[in-house]
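Asker: Dropping in coords_37.cif, with mmCIF, C-alpha atoms and all ligand atoms.
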```
data_model
#
loop_
_atom_site.label_atom_id
_atom_site.label_comp_id
_atom_site.auth_asym_id
_atom_site.auth_seq_id
_atom_site.Cartn_x
_atom_site.Cartn_y
_atom_site.Cartn_z
CA MET H 1 0.00 0.00 0.00
CA LYS H 2 1.37 3.41 -0.99
CA VAL H 3 1.43 6.07 1.69
CA LEU H 4 2.69 9.63 1.43
CA ALA H 5 4.18 11.40 4.46
CA VAL H 6 3.90 15.18 4.17
CA ASN H 7 5.60 17.86 6.25
CA ALA H 8 4.50 21.35 5.21
CA GLY H 9 5.87 24.65 6.45
CA SER H 10 4.80 28.17 5.56
CA SER H 11 7.02 28.17 2.44
CA SER H 12 8.09 24.55 2.11
CA LEU H 13 6.71 21.07 1.62
CA LYS H 14 8.70 17.91 2.32
CA PHE H 15 7.38 14.54 1.23
CA GLN H 16 8.34 10.91 1.34
CA MET H 17 6.38 8.10 -0.27
CA TYR H 18 6.44 4.63 1.23
CA GLU H 19 5.40 1.17 0.27
CA MET H 20 3.78 -0.03 3.47
CA PRO H 21 3.98 -2.01 5.64
CA GLU H 22 7.50 -2.73 4.30
CA GLU H 23 8.47 0.90 5.05
CA LYS H 24 10.32 1.05 1.74
CA VAL H 25 10.93 4.63 0.57
CA LEU H 26 9.86 4.92 -3.08
CA ILE H 27 10.55 8.60 -3.66
CA SER H 28 11.12 11.71 -1.59
CA GLY H 29 11.55 15.39 -2.12
CA LEU H 30 11.35 18.94 -0.97
CA PHE H 31 9.53 21.96 -2.39
CA GLU H 32 11.05 25.24 -1.23
CA ARG H 33 10.46 28.96 -1.37
CA ILE H 34 6.76 28.52 -2.08
CA GLY H 35 5.21 31.97 -2.56
CA ILE H 36 8.68 33.51 -3.03
CA ASP H 37 10.13 32.10 -6.26
CA GLY H 38 10.26 28.34 -5.98
CA SER H 39 12.36 25.26 -6.54
CA TYR H 40 12.08 21.58 -5.82
CA THR H 41 14.32 18.58 -5.37
CA ILE H 42 13.28 15.00 -5.98
CA LYS H 43 15.23 12.00 -4.72
CA LEU H 44 14.73 8.64 -6.37
CA ASN H 45 16.98 5.54 -6.47
CA GLY H 46 19.81 7.46 -4.82
CA GLU H 47 19.69 10.24 -7.43
CA LYS H 48 18.74 13.84 -6.77
CA VAL H 49 17.16 16.16 -9.33
CA LYS H 50 16.69 19.87 -8.63
CA LYS H 51 14.42 22.13 -10.67
CA ASP H 52 13.71 25.84 -10.40
CA VAL H 53 10.08 26.55 -11.17
CA PRO H 54 7.71 29.26 -10.00
CA LEU H 55 5.72 28.02 -7.00
CA ASN H 56 3.11 30.59 -6.11
CA THR H 57 1.04 28.44 -3.80
CA HIS H 58 1.15 25.14 -1.94
CA LYS H 59 -1.50 23.90 -4.37
CA GLU H 60 0.89 24.41 -7.30
CA ALA H 61 3.56 22.47 -5.41
CA VAL H 62 1.19 19.56 -4.73
CA GLN H 63 0.05 19.53 -8.36
CA ILE H 64 3.68 19.28 -9.51
CA LEU H 65 4.32 16.59 -6.91
CA ILE H 66 1.43 14.54 -8.32
CA ASP H 67 2.66 15.04 -11.90
CA GLU H 68 6.19 13.99 -10.92
CA LEU H 69 4.96 10.85 -9.15
CA LYS H 70 3.38 9.86 -12.47
CA ASN H 71 6.37 11.01 -14.59
CA TYR H 72 8.75 8.91 -12.55
CA GLY H 73 6.40 5.94 -12.77
CA VAL H 74 6.03 5.71 -8.98
CA VAL H 75 2.27 5.63 -9.48
CA GLU H 76 0.21 5.25 -12.64
CA ASP H 77 -2.90 6.60 -11.06
CA MET H 78 -3.29 8.85 -8.04
CA ASN H 79 -5.81 6.43 -6.57
CA GLU H 80 -2.93 4.09 -5.82
CA ILE H 81 -2.07 6.44 -2.95
CA LYS H 82 -4.22 5.07 -0.16
CA GLY H 83 -3.04 7.33 2.64
CA VAL H 84 -1.60 10.79 3.11
CA GLY H 85 -0.15 11.54 6.55
CA HIS H 86 0.36 15.15 7.53
CA ARG H 87 2.70 16.43 10.19
CA VAL H 88 0.63 18.93 12.13
CA VAL H 89 2.51 21.16 14.54
CA HIS H 90 -0.15 21.91 17.12
CA GLY H 91 -2.86 19.56 18.30
CA GLY H 92 -3.35 21.41 21.59
CA ASP H 93 -4.53 19.13 24.38
CA LYS H 94 -7.13 17.60 22.05
CA TYR H 95 -4.98 14.97 20.41
CA SER H 96 -2.55 12.59 22.01
CA GLU H 97 -2.69 10.21 19.05
CA SER H 98 -2.81 10.61 15.30
CA VAL H 99 -6.32 10.96 13.85
CA LEU H 100 -8.24 10.55 10.61
CA ILE H 101 -8.84 14.01 9.22
CA THR H 102 -12.49 15.03 9.08
CA ASP H 103 -14.19 18.42 8.77
CA GLU H 104 -14.41 18.40 12.55
CA VAL H 105 -10.65 17.90 12.90
CA ILE H 106 -10.00 20.78 10.48
CA LYS H 107 -12.24 22.96 12.63
CA VAL H 108 -10.19 22.07 15.74
CA LEU H 109 -6.95 22.87 13.89
CA GLU H 110 -8.43 26.24 12.90
CA ASP H 111 -9.39 26.89 16.52
CA LEU H 112 -5.77 26.15 17.49
CA ILE H 113 -4.30 28.76 15.11
CA PRO H 114 -3.77 31.30 17.95
CA LEU H 115 -1.44 28.76 19.60
CA ALA H 116 0.51 28.08 16.39
CA PRO H 117 0.00 31.13 14.17
CA LEU H 118 3.00 30.36 11.95
CA HIS H 119 2.48 26.64 11.54
CA ASN H 120 -1.13 25.48 11.68
CA PRO H 121 -2.36 27.68 8.78
CA ALA H 122 0.18 26.09 6.40
CA ASN H 123 -0.74 22.62 7.66
CA ILE H 124 -4.45 23.30 7.09
CA THR H 125 -3.84 24.70 3.61
CA VAL H 126 -1.88 21.64 2.55
CA ILE H 127 -4.37 19.20 4.09
CA ASN H 128 -7.17 20.88 2.13
CA VAL H 129 -5.16 20.74 -1.10
CA PHE H 130 -4.57 16.99 -0.68
CA ARG H 131 -8.21 16.39 0.23
CA GLU H 132 -9.16 18.11 -3.02
CA LEU H 133 -6.50 16.64 -5.32
CA VAL H 134 -6.27 13.10 -3.86
CA PRO H 135 -9.83 12.64 -2.60
CA GLU H 136 -9.72 8.85 -2.45
CA ALA H 137 -6.82 8.74 0.02
CA THR H 138 -7.28 8.53 3.77
CA GLN H 139 -5.88 11.73 5.28
CA VAL H 140 -4.25 11.49 8.68
CA ALA H 141 -2.92 14.17 11.06
CA VAL H 142 0.17 13.31 13.10
CA PHE H 143 0.77 15.86 15.82
CA ASP H 144 4.08 17.28 17.04
CA THR H 145 2.46 17.80 20.42
CA GLY H 146 0.82 14.35 20.66
CA PHE H 147 3.57 12.36 22.40
CA HIS H 148 3.86 14.96 25.17
CA GLN H 149 0.22 14.67 26.21
CA THR H 150 1.16 12.15 28.91
CA MET H 151 2.82 14.91 30.98
CA LYS H 152 1.18 15.48 34.35
CA GLU H 153 -0.37 18.81 35.25
CA GLU H 154 2.44 19.57 37.69
CA ASN H 155 4.90 19.30 34.82
CA PHE H 156 2.94 20.98 32.05
CA LEU H 157 1.58 23.95 34.00
CA TYR H 158 3.37 27.26 34.42
CA PRO H 159 3.18 28.88 37.85
CA VAL H 160 0.96 31.69 36.53
CA PRO H 161 -2.69 32.48 37.32
CA TYR H 162 -4.57 29.19 36.89
CA GLU H 163 -7.25 30.97 34.86
CA TRP H 164 -4.70 31.56 32.08
CA TYR H 165 -4.68 27.80 31.62
CA GLN H 166 -8.44 27.39 32.04
CA ASN H 167 -9.45 30.28 29.82
CA TYR H 168 -6.62 30.54 27.31
CA GLY H 169 -4.88 27.16 27.29
CA VAL H 170 -1.61 28.60 28.63
CA ARG H 171 0.46 25.49 29.43
CA LYS H 172 3.41 23.55 28.17
CA TYR H 173 2.53 21.51 25.06
CA GLY H 174 5.97 20.44 23.84
CA PHE H 175 6.99 19.85 20.23
CA HIS H 176 9.11 17.47 18.11
CA GLY H 177 6.91 14.77 19.69
CA THR H 178 7.08 12.44 16.69
CA SER H 179 10.88 12.51 16.88
CA HIS H 180 10.97 12.01 20.66
CA LYS H 181 8.59 9.07 20.26
CA TYR H 182 10.59 7.48 17.47
CA VAL H 183 13.96 7.91 19.17
CA SER H 184 12.83 6.79 22.64
CA GLY H 185 11.02 3.81 21.08
CA ARG H 186 14.09 2.82 19.12
CA CYS H 187 16.20 3.25 22.27
CA GLN H 188 13.86 0.91 24.17
CA GLU H 189 14.48 -1.68 21.44
CA LEU H 190 18.24 -1.20 21.70
CA LEU H 191 18.10 -1.46 25.50
CA GLY H 192 15.95 -4.55 25.10
CA LYS H 193 13.42 -3.41 27.67
CA GLN H 194 10.20 -1.42 27.87
CA ASP H 195 10.66 -0.26 31.48
CA SER H 196 13.29 2.35 30.87
CA LYS H 197 14.34 5.88 31.71
CA ILE H 198 15.47 7.72 28.62
CA ILE H 199 16.55 11.31 27.96
CA VAL H 200 16.17 12.32 24.32
CA CYS H 201 18.17 15.29 23.04
CA HIS H 202 16.63 16.41 19.75
CA ILE H 203 19.09 19.12 18.81
CA GLY H 204 18.87 20.58 15.34
CA ASN H 205 18.20 24.14 14.28
CA GLY H 206 15.28 23.92 16.70
CA GLY H 207 15.92 21.79 19.75
CA SER H 208 14.17 20.10 22.63
CA ILE H 209 14.97 17.61 25.37
CA SER H 210 12.50 15.04 26.73
CA ALA H 211 12.35 12.78 29.75
CA VAL H 212 10.70 9.49 28.76
CA LYS H 213 9.77 6.86 31.34
CA ASN H 214 8.53 3.44 30.22
CA GLY H 215 7.73 4.88 26.81
CA GLU H 216 5.76 7.87 28.10
CA CYS H 217 6.83 11.48 28.06
CA ILE H 218 7.15 12.84 31.61
CA ASP H 219 8.50 16.28 30.73
CA THR H 220 9.90 18.18 27.76
CA SER H 221 11.77 21.44 27.34
CA MET H 222 9.63 23.24 24.75
CA GLY H 223 6.53 24.91 26.08
CA LEU H 224 3.49 26.86 24.98
CA SER H 225 5.49 27.55 21.84
CA PRO H 226 8.71 26.09 20.42
CA ASN H 227 10.62 29.08 21.81
CA ALA H 228 11.25 27.58 25.24
CA GLY H 229 13.81 25.30 26.82
CA ILE H 230 17.34 25.09 25.46
CA MET H 231 19.17 27.67 23.37
CA MET H 232 18.67 26.99 19.65
CA GLY H 233 19.96 28.18 16.27
CA THR H 234 18.06 31.46 16.34
CA ARG H 235 15.71 31.01 19.33
CA ALA H 236 16.54 32.10 22.84
CA GLY H 237 14.73 29.30 24.67
CA ASP H 238 14.09 29.95 28.37
CA ILE H 239 14.44 33.60 29.37
CA ASP H 240 13.32 35.91 32.14
CA THR H 241 10.05 37.20 30.68
CA SER H 242 10.61 40.61 32.29
CA MET H 243 13.04 41.44 29.51
CA VAL H 244 10.12 41.79 27.09
CA LEU H 245 8.66 44.72 29.02
CA TYR H 246 12.14 46.05 29.79
CA MET H 247 13.15 46.13 26.12
CA LYS H 248 9.79 47.60 25.14
CA ASN H 249 10.21 50.44 27.63
CA ASN H 250 13.92 51.02 27.16
CA ALA H 251 14.78 50.08 23.58
CA GLY H 252 11.64 51.44 21.95
CA MET H 253 10.85 48.07 20.44
CA THR H 254 7.34 46.75 19.95
CA VAL H 255 6.34 43.45 21.52
CA GLU H 256 6.23 41.94 18.01
CA GLU H 257 9.78 43.13 17.29
CA ILE H 258 11.00 41.68 20.57
CA ASP H 259 9.23 38.39 19.88
CA ASN H 260 10.78 38.31 16.42
CA ALA H 261 14.25 38.93 17.87
CA LEU H 262 13.75 36.20 20.47
CA ASN H 263 12.74 33.75 17.73
CA LYS H 264 14.94 34.74 14.81
CA LYS H 265 17.91 36.74 16.08
CA SER H 266 18.80 35.00 19.31
CA GLY H 267 20.37 31.65 20.20
CA LEU H 268 23.64 30.71 18.51
CA LEU H 269 23.15 33.51 15.99
CA GLY H 270 22.45 36.17 18.60
CA ILE H 271 25.41 35.35 20.81
CA SER H 272 27.98 34.58 18.09
CA GLY H 273 26.90 37.32 15.70
CA VAL H 274 28.16 34.89 13.06
CA SER H 275 25.60 32.19 12.26
CA SER H 276 22.79 30.01 13.54
CA ASP H 277 24.43 26.94 12.02
CA SER H 278 26.49 24.94 14.46
CA ARG H 279 28.98 24.05 11.71
CA ASP H 280 29.86 27.75 11.36
CA ILE H 281 30.06 28.09 15.13
CA GLU H 282 32.45 25.13 15.29
CA ASP H 283 34.60 26.72 12.58
CA GLY H 284 34.60 29.95 14.59
CA VAL H 285 35.63 28.05 17.72
CA LYS H 286 38.56 26.51 15.82
CA GLU H 287 39.62 29.97 14.63
CA GLY H 288 39.49 31.29 18.19
CA ASN H 289 36.48 33.57 17.62
CA GLU H 290 35.52 34.50 21.19
CA ARG H 291 31.84 35.05 20.52
CA CYS H 292 31.60 31.65 18.82
CA ILE H 293 33.34 30.05 21.80
CA LEU H 294 30.90 31.81 24.14
CA ALA H 295 27.90 30.74 22.01
CA GLN H 296 29.05 27.12 21.92
CA ASN H 297 29.72 27.05 25.67
CA MET H 298 26.30 28.50 26.43
CA TYR H 299 24.61 26.11 24.01
CA VAL H 300 26.24 23.10 25.63
CA GLN H 301 25.53 24.32 29.17
CA LYS H 302 21.80 24.85 28.52
CA ILE H 303 21.50 21.30 27.18
CA VAL H 304 23.46 19.92 30.15
CA ASN H 305 21.15 21.78 32.54
CA TYR H 306 18.11 20.05 31.07
CA ILE H 307 19.75 16.63 31.00
CA ALA H 308 20.70 17.03 34.67
CA GLN H 309 17.19 18.17 35.55
CA TYR H 310 15.60 15.21 33.76
CA TYR H 311 18.14 12.78 35.18
CA VAL H 312 16.88 13.71 38.63
CA LEU H 313 13.23 13.81 37.55
CA LEU H 314 13.52 10.28 36.16
CA GLY H 315 15.51 9.07 39.18
CA GLY H 316 18.51 8.23 37.00
CA ALA H 317 18.66 7.28 33.34
CA ASP H 318 19.29 4.12 31.35
CA ALA H 319 20.19 6.09 28.24
CA ILE H 320 20.77 9.52 26.76
CA CYS H 321 20.04 9.74 23.03
CA PHE H 322 21.31 12.34 20.59
CA THR H 323 19.32 13.05 17.46
CA ALA H 324 18.57 15.70 14.75
CA GLY H 325 21.12 17.79 12.80
CA VAL H 326 23.51 18.70 15.61
CA GLY H 327 22.90 15.61 17.75
CA GLU H 328 23.52 13.22 14.86
CA ASN H 329 26.44 15.05 13.30
CA SER H 330 28.42 17.09 15.80
CA LYS H 331 30.91 14.99 17.72
CA ALA H 332 32.31 18.15 19.34
CA THR H 333 28.94 19.14 20.81
CA ARG H 334 28.17 15.60 21.99
CA SER H 335 31.51 15.24 23.68
CA ALA H 336 31.33 18.69 25.31
CA ILE H 337 27.89 17.81 26.73
CA ILE H 338 28.92 14.41 28.07
CA GLU H 339 32.15 15.81 29.56
CA LYS H 340 30.02 18.06 31.76
CA LEU H 341 28.09 15.01 32.98
CA ALA H 342 31.24 13.27 34.26
CA CYS H 343 30.13 13.76 37.87
CA LEU H 344 27.25 11.36 37.12
CA GLY H 345 29.69 8.74 35.85
CA ILE H 346 28.52 9.16 32.26
CA LYS H 347 31.33 8.71 29.74
CA ILE H 348 31.67 8.38 26.00
CA ASP H 349 34.40 6.73 23.95
CA PRO H 350 36.01 9.31 21.59
CA VAL H 351 36.58 6.67 18.93
CA LYS H 352 32.94 5.49 18.98
CA ASN H 353 31.82 9.14 19.05
CA ASP H 354 33.75 9.86 15.84
CA VAL H 355 30.74 9.13 13.65
CA ARG H 356 28.03 11.06 11.80
CA GLY H 357 24.42 10.19 11.26
CA VAL H 358 24.71 6.50 12.12
CA GLU H 359 22.92 4.68 14.92
CA THR H 360 25.73 4.02 17.40
CA LEU H 361 26.30 3.27 21.06
CA ILE H 362 28.98 5.82 21.94
CA SER H 363 29.28 5.37 25.72
CA THR H 364 32.16 3.46 27.33
CA ASP H 365 31.51 0.06 28.91
CA ASP H 366 31.92 1.53 32.40
CA SER H 367 29.60 4.49 31.82
CA THR H 368 26.72 4.58 34.33
CA CYS H 369 24.30 5.35 31.52
CA LYS H 370 24.30 4.35 27.87
CA VAL H 371 24.70 7.14 25.32
CA TYR H 372 23.38 6.63 21.79
CA ILE H 373 23.24 8.47 18.52
CA ILE H 374 19.86 7.56 17.01
CA PRO H 375 19.06 9.30 13.71
CA THR H 376 15.47 10.46 13.89
CA ASP H 377 12.83 9.40 11.36
CA GLU H 378 9.66 11.44 11.72
CA GLU H 379 8.51 10.49 8.22
CA VAL H 380 8.35 6.77 8.93
CA MET H 381 6.31 7.48 12.06
CA ILE H 382 3.85 9.50 9.97
CA ALA H 383 3.69 6.66 7.42
CA ARG H 384 3.13 4.02 10.14
CA ASP H 385 0.27 5.91 11.79
CA THR H 386 -1.30 6.65 8.41
CA TYR H 387 -1.06 3.01 7.38
CA HIS H 388 -2.62 1.82 10.64
CA LEU H 389 -5.48 4.32 10.55
CA ALA H 390 -6.16 3.70 6.86
CA ASN H 391 -6.51 -0.02 7.60
CA LYS H 392 -8.74 0.30 10.62
P1 LIG T 401 15.59 21.59 11.82
O1 LIG T 401 15.33 21.99 13.24
O2 LIG T 401 15.55 22.72 10.87
O3 LIG T 401 14.85 20.36 11.38
P2 LIG T 401 17.94 19.87 11.58
O4 LIG T 401 17.60 18.81 12.54
O5 LIG T 401 17.93 19.56 10.13
O6 LIG T 401 17.13 21.21 11.86
O7 LIG T 401 19.39 20.43 11.98
C1 LIG T 401 20.01 21.42 11.23
C2 LIG T 401 21.26 21.82 11.94
O8 LIG T 401 22.14 20.70 12.11
C3 LIG T 401 22.09 22.82 11.14
O9 LIG T 401 21.67 24.12 11.37
C4 LIG T 401 23.46 22.57 11.70
O10 LIG T 401 23.62 23.46 12.78
C5 LIG T 401 23.44 21.18 12.24
N1 LIG T 401 24.41 20.31 11.54
C6 LIG T 401 24.21 19.61 10.41
N2 LIG T 401 25.35 18.95 10.05
C7 LIG T 401 26.28 19.23 11.01
C8 LIG T 401 27.65 18.86 11.22
N3 LIG T 401 28.30 18.06 10.39
N4 LIG T 401 28.27 19.35 12.32
C9 LIG T 401 27.62 20.16 13.16
N5 LIG T 401 26.35 20.55 13.01
C10 LIG T 401 25.68 20.10 11.95
#
```
Show me, as structure tokens, the structure contained in the file I just sent.
Answerer:
Amino acid sequence: MKVLAVNAGSSSLKFQMYEMPEEKVLISGLFERIGIDGSYTIKLNGEKVKKDVPLNTHKEAVQILIDELKNYGVVEDMNEIKGVGHRVVHGGDKYSESVLITDEVIKVLEDLIPLAPLHNPANITVINVFRELVPEATQVAVFDTGFHQTMKEENFLYPVPYEWYQNYGVRKYGFHGTSHKYVSGRCQELLGKQDSKIIVCHIGNGGSISAVKNGECIDTSMGLSPNAGIMMGTRAGDIDTSMVLYMKNNAGMTVEEIDNALNKKSGLLGISGVSSDSRDIEDGVKEGNERCILAQNMYVQKIVNYIAQYYVLLGGADAICFTAGVGENSKATRSAIIEKLACLGIKIDPVKNDVRGVETLISTDDSTCKVYIIPTDEEVMIARDTYHLANK
């Protein structure tokens, strides 16, 4: 059965088509700069083809995607696609599991737009385009927030007036849930046990840390929005909220400008003044750039703080997992993080750590806790849920 996993952003659309239940990737690709100018890349049989074409709307991108699936002979007829799974950023506290998309679900996603003003509108647009252009396929929503719904009130609430939660839904929701679920699930398999205490470090351009006990999320570092928790590429993460009012009153900035700076001009970029990309920061560190060194040290320390917090929350840990762009690829960041955890008896082997993007156990035999690199795979999770719901 052919299933398409779709991950749409405000100006992009990533897709991966699977033959299920074998989980064989048939074709994948990325449409970029939708509404700006437009280009797309298709990957098939290990080959990549890039084309520049005007992409005014997501609908144009989906139409081209459908045409290309036929051109490349992946499908003869669109009706062969039995399921389309959509990554949806915000499911609020309504959805802990993936769901079949109905008009009612769309209405809930619309109601959640205030909580995810940048993300949910693009998700809804693309869902509607697929419902129109591939009407025979089962459409499924897979939520970034879903996995975190097992958090208890004492962990998901902020110590603010309770009515903010009751009346406006102000609480921690958490994001990257599909990745945290995949990585912690895979780690359980590697540990060979379900009853486990796992800390997942999803560190990419965005980043979040989760504490997972016996397969359930206990706490996670992102909050009401993705701009909470650790320092990220361009996001500040946790801050003293008083600085918003302070900067408004003293720097003549509007709240929107401050919010924009906290999301897009902070983090590694804000501190280094060089780049949001950890590869550039690492180059800067090697060249002795002091602001890059400072940015990297801060980045590492914020991650360590969360790992330490979750280590205590879980009452110890069986494993720490690194995933996403930085976690999978940066040996320097992994080793700097684990070095700071030496007081817990956690150690990695520099030779085993000298690897990129490959599932590997990198801890030493005498480490008190296993440390893994587990490349994330959100797409396969979307495909699995879509396959299961389409066959129900
Ligand atoms: P996103 O949050 O956008 O999904 P990714 O998980 O794709 O981000 O991570 C992207 C980030 O991964 C890049 O910004 C870069 O900082 C980092 N990265 C990728 N490759 C390397 C590498 N070889 N060394 C260090 N960092 C890397």
Asker: What do you get as a PyMOL selection string if you pick all residues at most 10 Å from ligand LIG 401 (chain T), counting all atoms listed in the file?
Answerer: chain H and resi 176+202-208+232-234+268+275-283+323-334+355-357+375-376
Asker: Can you spit out the residues from that selection as a tab-separated table (two decimals), in the frame of the given file, using C-alpha atoms?
Answerer:
```
chain	number	residue	atom	x	y	z
H	176	HIS	CA	9.11	17.47	18.11
H	202	HIS	CA	16.63	16.41	19.75
H	203	ILE	CA	19.09	19.12	18.81
H	204	GLY	CA	18.87	20.58	15.34
H	205	ASN	CA	18.20	24.14	14.28
H	206	GLY	CA	15.28	23.92	16.70
H	207	GLY	CA	15.92	21.79	19.75
H	208	SER	CA	14.17	20.10	22.63
H	232	MET	CA	18.67	26.99	19.65
H	233	GLY	CA	19.96	28.18	16.27
H	234	THR	CA	18.06	31.46	16.34
H	268	LEU	CA	23.64	30.71	18.51
H	275	SER	CA	25.60	32.19	12.26
H	276	SER	CA	22.79	30.01	13.54
H	277	ASP	CA	24.43	26.94	12.02
H	278	SER	CA	26.49	24.94	14.46
H	279	ARG	CA	28.98	24.05	11.71
H	280	ASP	CA	29.86	27.75	11.36
H	281	ILE	CA	30.06	28.09	15.13
H	282	GLU	CA	32.45	25.13	15.29
H	283	ASP	CA	34.60	26.72	12.58
H	323	THR	CA	19.32	13.05	17.46
H	324	ALA	CA	18.57	15.70	14.75
H	325	GLY	CA	21.12	17.79	12.80
H	326	VAL	CA	23.51	18.70	15.61
H	327	GLY	CA	22.90	15.61	17.75
H	328	GLU	CA	23.52	13.22	14.86
H	329	ASN	CA	26.44	15.05	13.30
H	330	SER	CA	28.42	17.09	15.80
H	331	LYS	CA	30.91	14.99	17.72
H	332	ALA	CA	32.31	18.15	19.34
H	333	THR	CA	28.94	19.14	20.81
H	334	ARG	CA	28.17	15.60	21.99
H	355	VAL	CA	30.74	9.13	13.65
H	356	ARG	CA	28.03	11.06	11.80
H	357	GLY	CA	24.42	10.19	11.26
H	375	PRO	CA	19.06	9.30	13.71
H	376	THR	CA	15.47	10.46	13.89
```
Asker: List the residues sitting within 9 Å of (13.3, 1.3, 26.6) in the file's frame, using all atoms listed in the file, as a ChimeraX atom specification.
Answerer: /H:184-198,212-215,318-319
Asker: Which residue is closest to Lys70 (chain H)? Choose from H:Ser225, H:Val6, H:Asn250, H:Ile27 and count all atoms listed in the file.
Answerer: H:Ile27
Asker: Between CA of Tyr372 (chain H) and CA of Glu359 (chain H), what distance in Å does the model show, to one decimal?
Answerer: 7.2 Å
Asker: What is the distance, in Å and to one decimal place, between CA of Tyr306 (chain H) and CA of Ile338 (chain H)?
Answerer: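 Between these atoms lies a distance of 12.6 Å.
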Asker: Excluding Leu69 (chain H) and residues on its chain fewer than 6 positions from it, collect all residues at most 12 Å away from it, counting only C-alpha atoms, and give them as a PyMOL selection string.
Answerer: chain H and resi 2+4+15-17+26-29+42-44+62-63+75-81
